[in-house]
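Working notes, structure below.
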Amino acid sequence: MRRIVSLVPSLTEAVAVSAPGRLVGVTDWCTHPADLGGAVRVGGTKNPDVPAIIGLRPDLVVANEEENRAPDLAALRAAGVSLLVTEVRSLPQAFGELERLLVGALGLARPGWLTDARKAWAAVAPLGPLRAVIPVWRRPWMVLGRDTFAGDVLARLGVRNVLAEHAERYPRVSPAEARAAGCELVVLPDEPYRFTAEDGPEAFPGLLAALVDGRHLTWYGPSLREAPAVLTRALRAAR
């Protein structure tokens, strides 16, 4: 398959690094690698330009069941576009879906970065247990709940999400409610909401605050190779 449109930033990076030149369309949120060649921007992950995607005559559109909307995917299918829709809610699932895309669908040899990423995660020495809350948005506050990729990543580093049993995957929980759940740490990524030292920690007085790279926490692609070391350093630096 030579003409690929990716509607998922982390999968855009995975394809661009592993099969340069095959991407003909990407979303506005696809930021890595910096040089995506002549790939056309086709809108956001939640509001892609479906006619523009169809007009690119892709051999395959890569999507994700959480990041992309079902009506958009249905419209592409109705137009006869071939789709590969991933589901990624854990680290093992991420590795499996990357293999399905890169090796199964694209016919590549397993990329070296993927092998390195598996080895890096197999060698992780957990820090914890650390009881934490992990906000992903502010105004309104939203946090990680059950069954999320980022939650599984943190669990493997020794960080226990105190809201991991919540009925919702991304519940609206106030800082006061989060503190009442008995956490000692707040993990603040810089995406999708850009938390900073001046915007986020002040809402959780009395808790340690770890500012982490959102790409290494939430993306499943080449960043997985460095993620254990990058995230561990950020967690150790919590103050």
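Lettering and numbering for the structure tokens are positional, with chains as A, B, ... in the shown order, residues counted from 1 in each chain, and ligands counted from 1 in the shown order.
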Set the distance at 12 Å and use only C-alpha atoms: which residues neighbour Pro201 of chain A once local chain neighbours fewer than 6 positions away are removed? I'd like the list as a PDB file with N, CA, C and O atoms, in the first residue's frame.
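That gives us out02.pdb:
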ATOM      1  N   VAL A 133      -3.616  10.918  40.790  1.00  0.00           N
ATOM      2  CA  VAL A 133      -4.703  11.336  39.914  1.00  0.00           C
ATOM      3  C   VAL A 133      -4.049  11.957  38.677  1.00  0.00           C
ATOM      4  O   VAL A 133      -2.985  12.582  38.783  1.00  0.00           O
ATOM      5  N   ILE A 134      -4.671  11.758  37.513  1.00  0.00           N
ATOM      6  CA  ILE A 134      -4.050  12.212  36.262  1.00  0.00           C
ATOM      7  C   ILE A 134      -5.043  13.059  35.475  1.00  0.00           C
ATOM      8  O   ILE A 134      -5.851  12.530  34.697  1.00  0.00           O
ATOM      9  N   PRO A 135      -5.026  14.374  35.651  1.00  0.00           N
ATOM     10  CA  PRO A 135      -5.901  15.244  34.856  1.00  0.00           C
ATOM     11  C   PRO A 135      -5.453  15.278  33.394  1.00  0.00           C
ATOM     12  O   PRO A 135      -4.263  15.203  33.093  1.00  0.00           O
ATOM     13  N   ARG A 138      -8.759  20.862  31.763  1.00  0.00           N
ATOM     14  CA  ARG A 138      -9.159  21.824  32.788  1.00  0.00           C
ATOM     15  C   ARG A 138     -10.247  22.730  32.204  1.00  0.00           C
ATOM     16  O   ARG A 138     -10.207  23.067  31.035  1.00  0.00           O
ATOM     17  N   PRO A 175     -10.618  18.858  41.583  1.00  0.00           N
ATOM     18  CA  PRO A 175      -9.412  18.609  42.373  1.00  0.00           C
ATOM     19  C   PRO A 175      -9.724  18.170  43.801  1.00  0.00           C
ATOM     20  O   PRO A 175      -9.038  17.287  44.346  1.00  0.00           O
ATOM     21  N   LEU A 185      -0.009  12.079  44.664  1.00  0.00           N
ATOM     22  CA  LEU A 185       0.667  12.618  43.494  1.00  0.00           C
ATOM     23  C   LEU A 185      -0.361  13.038  42.456  1.00  0.00           C
ATOM     24  O   LEU A 185      -1.378  12.363  42.266  1.00  0.00           O
ATOM     25  N   VAL A 186      -0.103  14.154  41.781  1.00  0.00           N
ATOM     26  CA  VAL A 186      -0.879  14.524  40.607  1.00  0.00           C
ATOM     27  C   VAL A 186       0.063  14.522  39.409  1.00  0.00           C
ATOM     28  O   VAL A 186       1.157  15.095  39.457  1.00  0.00           O
ATOM     29  N   VAL A 187      -0.314  13.808  38.353  1.00  0.00           N
ATOM     30  CA  VAL A 187       0.490  13.723  37.129  1.00  0.00           C
ATOM     31  C   VAL A 187      -0.158  14.633  36.094  1.00  0.00           C
ATOM     32  O   VAL A 187      -1.326  14.445  35.737  1.00  0.00           O
ATOM     33  N   LEU A 188       0.608  15.616  35.612  1.00  0.00           N
ATOM     34  CA  LEU A 188       0.067  16.654  34.732  1.00  0.00           C
ATOM     35  C   LEU A 188       0.797  16.626  33.381  1.00  0.00           C
ATOM     36  O   LEU A 188       1.928  17.096  33.269  1.00  0.00           O
ATOM     37  N   PRO A 189       0.156  16.081  32.341  1.00  0.00           N
ATOM     38  CA  PRO A 189       0.771  16.066  31.008  1.00  0.00           C
ATOM     39  C   PRO A 189       0.599  17.402  30.299  1.00  0.00           C
ATOM     40  O   PRO A 189      -0.250  18.220  30.686  1.00  0.00           O
ATOM     41  N   PHE A 195      -0.761  21.558  30.662  1.00  0.00           N
ATOM     42  CA  PHE A 195      -0.460  21.907  32.049  1.00  0.00           C
ATOM     43  C   PHE A 195       1.000  22.357  32.146  1.00  0.00           C
ATOM     44  O   PHE A 195       1.876  21.846  31.440  1.00  0.00           O
ATOM     45  N   LEU A 207      -0.172  17.978  47.409  1.00  0.00           N
ATOM     46  CA  LEU A 207       0.222  16.813  46.622  1.00  0.00           C
ATOM     47  C   LEU A 207       1.511  17.086  45.859  1.00  0.00           C
ATOM     48  O   LEU A 207       1.760  18.211  45.425  1.00  0.00           O
ATOM     49  N   LEU A 208       2.317  16.055  45.685  1.00  0.00           N
ATOM     50  CA  LEU A 208       3.431  16.154  44.755  1.00  0.00           C
ATOM     51  C   LEU A 208       2.879  16.314  43.341  1.00  0.00           C
ATOM     52  O   LEU A 208       1.838  15.729  43.013  1.00  0.00           O
ATOM     53  N   ALA A 209       3.554  17.089  42.508  1.00  0.00           N
ATOM     54  CA  ALA A 209       3.107  17.294  41.134  1.00  0.00           C
ATOM     55  C   ALA A 209       4.222  16.908  40.163  1.00  0.00           C
ATOM     56  O   ALA A 209       5.347  17.392  40.282  1.00  0.00           O
ATOM     57  N   ALA A 210       3.904  16.028  39.235  1.00  0.00           N
ATOM     58  CA  ALA A 210       4.852  15.620  38.191  1.00  0.00           C
ATOM     59  C   ALA A 210       4.366  16.154  36.856  1.00  0.00           C
ATOM     60  O   ALA A 210       3.260  15.810  36.409  1.00  0.00           O
ATOM     61  N   LEU A 211       5.167  16.994  36.218  1.00  0.00           N
ATOM     62  CA  LEU A 211       4.857  17.506  34.886  1.00  0.00           C
ATOM     63  C   LEU A 211       5.497  16.571  33.861  1.00  0.00           C
ATOM     64  O   LEU A 211       6.721  16.392  33.862  1.00  0.00           O
ATOM     65  N   ALA A 238       9.103  14.943  40.669  1.00  0.00           N
ATOM     66  CA  ALA A 238       7.869  15.495  41.230  1.00  0.00           C
ATOM     67  C   ALA A 238       8.165  16.274  42.493  1.00  0.00           C
ATOM     68  O   ALA A 238       8.981  15.870  43.324  1.00  0.00           O
ATOM     69  N   ARG A 239       7.502  17.441  42.611  1.00  0.00           N
ATOM     70  CA  ARG A 239       7.732  18.268  43.804  1.00  0.00           C
ATOM     71  C   ARG A 239       6.447  18.947  44.241  1.00  0.00           C
ATOM     72  O   ARG A 239       5.488  18.990  43.503  1.00  0.00           O
TER      73      ARG A 239
END
Residues of segment 8-57 of chain A that approach segment 212-236 of chain A to 8 Å or less, counting only C-alpha atoms: could you list each one with the shortest pair of atoms and its distance in Å to one decimal, rows by chain and increasing residue number, as CSV?
residue,atom,partner,partner_atom,distance
A:Pro9,CA,A:Trp219,CA,7.7
A:Ser10,CA,A:Trp219,CA,5.1
A:Leu11,CA,A:Gly221,CA,6.2
A:Glu13,CA,A:Gly221,CA,6.4
A:Ala14,CA,A:Gly221,CA,5.0
A:Val17,CA,A:Pro222,CA,7.8
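DSSP, applied to the backbone of this structure, assigns strand (DSSP E) to the following residues of segment 36-183 of chain A: A:Val40, A:Arg41, A:Leu60, A:Val61, A:Val62, A:Ala63, A:Asn64, A:Leu83, A:Leu84, A:Val85, A:Thr86, A:Leu130, A:Arg131, A:Ala132, A:Val133, A:Pro135, A:Val136, A:Trp137, A:Met142, A:Val143, A:Val159, A:Arg160, A:Asn161.
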Q: Could you give me, as a PyMOL selection string, each residue of segment 147-183 of chain A that DSSP assigns to alpha helix (DSSP H) when run on this structure's backbone?
A: chain A and resi 149-156+175-180
Go ahead and write the residues just picked, N, CA, C and O atoms, as a PDB file, in the first residue's frame.
ATOM      1  N   PHE A 149      -5.071   3.810  27.827  1.00  0.00           N
ATOM      2  CA  PHE A 149      -3.681   3.518  27.487  1.00  0.00           C
ATOM      3  C   PHE A 149      -2.729   4.235  28.441  1.00  0.00           C
ATOM      4  O   PHE A 149      -1.797   3.633  28.976  1.00  0.00           O
ATOM      5  N   ALA A 150      -2.956   5.544  28.662  1.00  0.00           N
ATOM      6  CA  ALA A 150      -2.064   6.305  29.545  1.00  0.00           C
ATOM      7  C   ALA A 150      -2.074   5.746  30.956  1.00  0.00           C
ATOM      8  O   ALA A 150      -1.040   5.713  31.637  1.00  0.00           O
ATOM      9  N   GLY A 151      -3.232   5.304  31.424  1.00  0.00           N
ATOM     10  CA  GLY A 151      -3.306   4.709  32.755  1.00  0.00           C
ATOM     11  C   GLY A 151      -2.496   3.438  32.849  1.00  0.00           C
ATOM     12  O   GLY A 151      -1.825   3.180  33.860  1.00  0.00           O
ATOM     13  N   ASP A 152      -2.516   2.621  31.795  1.00  0.00           N
ATOM     14  CA  ASP A 152      -1.739   1.386  31.788  1.00  0.00           C
ATOM     15  C   ASP A 152      -0.245   1.696  31.754  1.00  0.00           C
ATOM     16  O   ASP A 152       0.551   1.039  32.447  1.00  0.00           O
ATOM     17  N   VAL A 153       0.141   2.698  30.962  1.00  0.00           N
ATOM     18  CA  VAL A 153       1.543   3.112  30.912  1.00  0.00           C
ATOM     19  C   VAL A 153       2.032   3.502  32.304  1.00  0.00           C
ATOM     20  O   VAL A 153       3.096   3.060  32.764  1.00  0.00           O
ATOM     21  N   LEU A 154       1.268   4.331  32.988  1.00  0.00           N
ATOM     22  CA  LEU A 154       1.676   4.771  34.331  1.00  0.00           C
ATOM     23  C   LEU A 154       1.699   3.617  35.321  1.00  0.00           C
ATOM     24  O   LEU A 154       2.584   3.545  36.185  1.00  0.00           O
ATOM     25  N   ALA A 155       0.754   2.706  35.207  1.00  0.00           N
ATOM     26  CA  ALA A 155       0.727   1.560  36.118  1.00  0.00           C
ATOM     27  C   ALA A 155       2.010   0.742  36.001  1.00  0.00           C
ATOM     28  O   ALA A 155       2.540   0.236  37.005  1.00  0.00           O
ATOM     29  N   ARG A 156       2.539   0.620  34.797  1.00  0.00           N
ATOM     30  CA  ARG A 156       3.762  -0.149  34.584  1.00  0.00           C
ATOM     31  C   ARG A 156       4.989   0.567  35.148  1.00  0.00           C
ATOM     32  O   ARG A 156       6.037  -0.051  35.340  1.00  0.00           O
ATOM     33  N   PRO A 175     -10.618  18.858  41.583  1.00  0.00           N
ATOM     34  CA  PRO A 175      -9.412  18.609  42.373  1.00  0.00           C
ATOM     35  C   PRO A 175      -9.724  18.170  43.801  1.00  0.00           C
ATOM     36  O   PRO A 175      -9.038  17.287  44.346  1.00  0.00           O
ATOM     37  N   ALA A 176     -10.745  18.751  44.406  1.00  0.00           N
ATOM     38  CA  ALA A 176     -11.104  18.371  45.774  1.00  0.00           C
ATOM     39  C   ALA A 176     -11.543  16.909  45.833  1.00  0.00           C
ATOM     40  O   ALA A 176     -11.168  16.172  46.755  1.00  0.00           O
ATOM     41  N   GLU A 177     -12.336  16.480  44.857  1.00  0.00           N
ATOM     42  CA  GLU A 177     -12.771  15.083  44.814  1.00  0.00           C
ATOM     43  C   GLU A 177     -11.586  14.148  44.583  1.00  0.00           C
ATOM     44  O   GLU A 177     -11.522  13.057  45.155  1.00  0.00           O
ATOM     45  N   ALA A 178     -10.658  14.592  43.753  1.00  0.00           N
ATOM     46  CA  ALA A 178      -9.475  13.772  43.484  1.00  0.00           C
ATOM     47  C   ALA A 178      -8.635  13.603  44.752  1.00  0.00           C
ATOM     48  O   ALA A 178      -8.181  12.498  45.061  1.00  0.00           O
ATOM     49  N   ARG A 179      -8.431  14.706  45.465  1.00  0.00           N
ATOM     50  CA  ARG A 179      -7.639  14.613  46.703  1.00  0.00           C
ATOM     51  C   ARG A 179      -8.329  13.715  47.719  1.00  0.00           C
ATOM     52  O   ARG A 179      -7.675  12.970  48.459  1.00  0.00           O
ATOM     53  N   ALA A 180      -9.650  13.747  47.750  1.00  0.00           N
ATOM     54  CA  ALA A 180     -10.402  12.924  48.694  1.00  0.00           C
ATOM     55  C   ALA A 180     -10.276  11.437  48.391  1.00  0.00           C
ATOM     56  O   ALA A 180     -10.548  10.599  49.259  1.00  0.00           O
TER      57      ALA A 180
END
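The space between atom CA of Leu76 of chain A and atom CA of Ala16 of chain A spans 22.1 Å.
Using only C-alpha atoms for every distance, the candidate list A:His32, A:Thr148, A:Val61, A:Tyr170 yields A:Val61 as the residue closest to Ala105 of chain A.
Picture a line from atom CA of Cys30 of chain A to atom CA of Trp137 of chain A; it runs 19.6 Å.
Considering only C-alpha atoms, the residue among A:Val85, A:Met142, A:Trp113, A:Leu7 positioned nearest to Arg100 of chain A is A:Val85.
Taking atom CA of Val143 of chain A and atom CA of Arg172 of chain A as the two end points, the separation is 6.5 Å.
Take the candidates A:Ala63, A:Leu73, A:Ala123, A:Val15 and check each one against Val88 of chain A using only C-alpha atoms; the shortest distance goes to A:Ala63.
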